[in-house]
$ cat entry38.txt   # compact mmCIF, C-alpha atoms
# COMPACT_ATOMS: atom_id res chain seq x y z
CA ARG A 1 0.00 0.00 0.00
CA TYR A 2 2.96 2.23 -0.74
CA LEU A 3 4.30 3.63 -3.99
CA ALA A 4 8.09 3.80 -4.10
CA VAL A 5 9.87 5.33 -7.07
CA LEU A 6 13.60 5.32 -7.85
CA GLY A 7 15.35 6.98 -10.75
CA THR A 8 18.55 8.51 -12.01
CA GLY A 9 19.26 11.91 -13.53
CA LYS A 10 17.60 12.91 -16.81
CA ASP A 11 20.27 11.40 -19.01
CA GLY A 12 21.14 8.48 -16.61
CA ARG A 13 24.82 8.65 -17.33
CA ILE A 14 27.83 8.03 -15.14
CA GLU A 15 30.03 11.10 -14.83
CA TYR A 16 33.74 11.00 -14.08
CA SER A 17 36.50 13.39 -13.18
CA ASP A 18 40.24 13.13 -13.66
CA GLU A 19 40.89 16.56 -12.14
CA TYR A 20 39.97 15.84 -8.53
CA LYS A 21 42.84 13.39 -7.82
CA PHE A 22 45.16 14.37 -10.65
CA LEU A 23 48.35 14.03 -8.57
CA GLU A 24 47.49 10.51 -7.41
CA ASP A 25 46.51 9.50 -10.94
CA GLU A 26 43.03 8.40 -9.84
CA ARG A 27 39.65 8.80 -11.52
CA TYR A 28 36.42 9.39 -9.60
CA TYR A 29 32.98 8.36 -10.82
CA LEU A 30 29.62 9.85 -9.88
CA ILE A 31 26.09 8.69 -10.51
CA LYS A 32 23.00 10.05 -8.81
CA LEU A 33 20.01 8.00 -7.70
CA TYR A 34 16.81 9.70 -6.61
CA GLY A 35 14.03 8.12 -4.61
CA THR A 36 10.64 9.10 -3.25
CA GLY A 37 7.56 7.38 -1.90
CA ARG A 38 3.95 7.98 -0.89
CA PRO A 39 1.10 5.93 0.55
CA LEU A 40 -1.51 4.91 -2.00
CA ASP A 41 -4.30 6.36 0.17
CA ASN A 42 -4.80 8.22 3.46
CA THR A 43 -5.78 5.11 5.46
CA SER A 44 -2.61 3.07 4.84
CA PHE A 45 -0.46 4.62 7.58
CA LEU A 46 -0.83 6.32 10.94
CA TYR A 47 0.82 9.59 11.87
CA LEU A 48 2.36 9.39 15.31
CA ASP A 49 3.71 12.44 17.11
CA ILE A 50 6.92 11.34 18.87
CA SER A 51 8.22 14.82 19.69
CA ASN A 52 7.54 14.44 23.46
CA ILE A 53 9.14 11.01 23.94
CA LYS A 54 11.73 10.99 26.69
CA ALA A 55 14.97 9.02 26.48
CA VAL A 56 15.02 5.76 28.42
CA VAL A 57 18.14 4.55 30.17
CA PRO A 58 17.96 0.76 30.43
CA ILE A 59 19.00 -0.95 33.63
CA VAL A 60 21.80 -3.37 32.91
CA ARG A 61 22.74 -6.00 35.45
CA VAL A 62 26.06 -7.69 34.90
CA ALA A 63 26.58 -11.18 36.28
CA ASP A 64 29.80 -11.82 38.14
CA TYR A 65 32.54 -13.19 35.95
CA VAL A 66 33.14 -16.82 36.79
CA ASP A 67 36.77 -17.85 36.38
CA ALA A 68 37.50 -21.55 36.80
CA ARG A 69 41.13 -21.25 35.70
CA LEU A 70 44.04 -22.13 37.93
CA SER A 71 46.49 -19.54 39.20
CA ALA A 72 49.36 -21.95 39.94
CA ILE A 73 50.53 -25.57 39.67
CA SER A 74 53.59 -26.83 41.51
CA LEU A 75 55.12 -30.29 41.59
CA LYS A 76 57.63 -31.74 44.05
CA ASP A 77 59.30 -35.13 43.93
CA GLU A 78 59.46 -37.65 46.80
CA LYS A 79 62.52 -35.88 48.24
CA ASN A 80 60.55 -32.59 48.33
CA ALA A 81 62.63 -31.07 45.51
CA ALA A 82 60.79 -28.81 43.05
CA VAL A 83 60.16 -30.38 39.66
CA ASN A 84 60.30 -28.12 36.61
CA ILE A 85 57.02 -27.99 34.66
CA GLY A 86 57.91 -24.79 32.83
CA VAL A 87 56.47 -21.35 33.46
CA PHE A 88 52.82 -21.58 34.51
CA ASN A 89 50.30 -19.60 32.48
CA GLU A 90 46.60 -19.80 33.34
CA ASN A 91 45.73 -19.96 29.63
CA VAL A 92 48.09 -22.86 28.86
CA HIS A 93 46.48 -26.19 29.69
CA ALA A 94 49.29 -28.72 29.15
CA TYR A 95 52.53 -29.15 31.12
CA TYR A 96 55.33 -31.70 31.04
CA ALA A 97 57.76 -32.89 33.72
CA SER A 98 60.41 -35.57 34.22
CA ILE A 99 61.25 -37.37 37.45
CA ALA A 100 64.03 -39.94 37.74
CA ASP A 101 65.39 -42.09 40.58
CA ALA A 102 68.73 -41.06 42.02
CA SER A 103 70.37 -44.27 43.16
CA VAL A 104 67.92 -46.72 44.76
CA ALA A 105 65.08 -48.52 42.98
CA GLY A 106 61.75 -46.79 43.60
CA ASP A 107 63.14 -44.02 45.78
CA ASN A 108 61.41 -41.29 43.77
CA ASP A 109 58.21 -42.95 42.60
CA THR A 110 55.82 -40.50 44.27
CA ALA A 111 55.26 -36.80 43.75
CA SER A 112 53.31 -34.07 45.47
CA LEU A 113 51.07 -31.83 43.36
CA THR A 114 49.79 -28.49 44.65
CA VAL A 115 47.07 -26.65 42.75
CA THR A 116 45.94 -23.07 43.39
CA THR A 117 42.66 -21.79 41.93
CA LYS A 118 41.71 -18.25 40.99
CA ASP A 119 38.31 -18.68 42.64
CA PRO A 120 38.32 -19.91 46.25
CA ASN A 121 34.96 -21.65 45.62
CA ALA A 122 36.37 -23.86 42.86
CA THR A 123 36.10 -27.62 43.11
CA ILE A 124 39.25 -29.48 42.06
CA VAL A 125 39.35 -33.05 40.75
CA VAL A 126 42.77 -34.62 40.14
CA LYS A 127 43.12 -37.97 38.37
CA ASN A 128 46.21 -40.06 37.78
CA GLY A 129 45.13 -41.78 34.58
CA THR A 130 41.55 -42.73 35.48
CA THR A 131 42.17 -43.03 39.24
CA PRO A 132 40.99 -40.08 41.36
CA VAL A 133 43.59 -38.66 43.75
CA ASN A 134 42.56 -37.20 47.11
CA ALA A 135 44.14 -34.09 48.61
CA VAL A 136 45.87 -34.26 51.97
CA GLN A 137 46.45 -30.82 53.50
CA GLY A 138 46.07 -29.17 50.09
CA ALA A 139 48.50 -31.44 48.24
CA TYR A 140 47.77 -34.39 45.99
CA ALA A 141 50.04 -37.44 46.49
CA LEU A 142 50.74 -39.00 43.10
CA THR A 143 52.04 -42.56 42.75
CA LEU A 144 54.13 -42.80 39.60
CA THR A 145 54.69 -45.82 37.39
CA ALA A 146 57.63 -46.25 35.03
CA GLY A 147 57.08 -44.32 31.81
CA VAL A 148 54.42 -41.74 31.10
CA ASN A 149 51.92 -40.75 33.81
CA VAL A 150 49.01 -38.58 32.67
CA ILE A 151 47.55 -36.36 35.39
CA THR A 152 44.33 -34.43 34.68
CA ILE A 153 43.33 -31.48 36.83
CA THR A 154 39.76 -30.22 36.49
CA SER A 155 38.63 -26.99 38.13
CA THR A 156 34.89 -26.29 38.33
CA VAL A 157 33.09 -23.13 39.47
CA GLY A 158 29.33 -23.31 38.99
CA THR A 159 28.82 -24.34 35.36
CA GLU A 160 32.28 -23.20 34.22
CA GLN A 161 34.99 -25.83 33.92
CA GLU A 162 38.69 -25.74 32.99
CA ALA A 163 40.87 -28.82 32.48
CA TYR A 164 44.67 -28.94 32.71
CA LEU A 165 46.98 -31.79 31.73
CA LEU A 166 50.26 -32.65 33.44
CA VAL A 167 52.35 -35.38 31.78
CA ILE A 168 55.05 -36.77 34.08
CA THR A 169 57.68 -39.11 32.68
CA TYR A 170 59.05 -41.27 35.49
CA THR A 171 62.34 -43.12 34.96
CA PRO A 172 63.24 -45.65 37.70
CA LYS A 173 66.91 -46.44 38.33
CA TYR A 174 66.26 -50.16 38.00
CA PRO A 175 63.55 -51.66 35.79
CA GLU A 176 60.45 -52.63 37.71
CA GLY A 177 59.55 -56.28 37.93
$ encode --input "entry38.txt" --output "structure tokens"
Amino acid sequence: RYLAVLGTGKDGRIEYSDEYKFLEDERYYLIKLYGTGRPLDNTSFLYLDISNIKAVVPIVRVADYVDARLSAISLKDEKNAAVNIGVFNENVHAYYASIADASVAGDNDTASLTVTTKDPNATIVVKNGTTPVNAVQGAYALTLTAGVNVITITSTVGTEQEAYLLVITYTPKYPEG
């Protein structure tokens, strides 16, 4: 119920100019398009006076940011010596470490893992392979087997969850068995 009309200039040609950007050696083109429209009758549309409308400021409520990331991971061997896992970064989710026996078979086959969360309400689940590991006084006692030990650390806050992977290669002095 609306008549819309579009058209170009009388001759409908595209004009160009080389003078405007002569120094840059560019050419500019110009074409004009005209448009207009009208309702087909006086009952097709309503006229609304919006001159007295006041601006509305919406109320925005922002939910607290939930951060399930860790802020630190530290690993110590059985002799309480720090084990290098590289520089911790909360956005990096995979770390690697090596632990080897010094002189006696099996003398370094456990490790102590300490995990610090960004949110104090986070729930931590540590697994050595598929076996859950319980925390004792904030540290997780890991029993290592010869070769590669895959430790998963999952931090959960509400519905947010972050998972970290720690791969520990354990080399016993004497072969097990």
$ closest_residue --input "entry38.txt" --among "A:Ala81, A:Arg1, A:Thr131, A:Gly9" --to "A:Asn42" --atoms "only C-alpha atoms"
A:Arg1
$ closest_residue --input "entry38.txt" --among "A:Leu75, A:Ile151, A:Leu33, A:Leu165" --to "A:Val5" --atoms "only C-alpha atoms"
A:Leu33
$ closest_residue --input "entry38.txt" --among "A:Asn108, A:Thr154, A:Thr116, A:Gln161" --to "A:Lys173" --atoms "all atoms listed in the file"
A:Asn108
$ atom_distance --input "entry38.txt" --atom1 "atom CA of A:Lys76" --atom2 "atom CA of A:Asp119"
23.4 Å
$ atom_distance --input "entry38.txt" --atom1 "atom CA of A:Tyr95" --atom2 "atom CA of A:Gly147"
15.9 Å
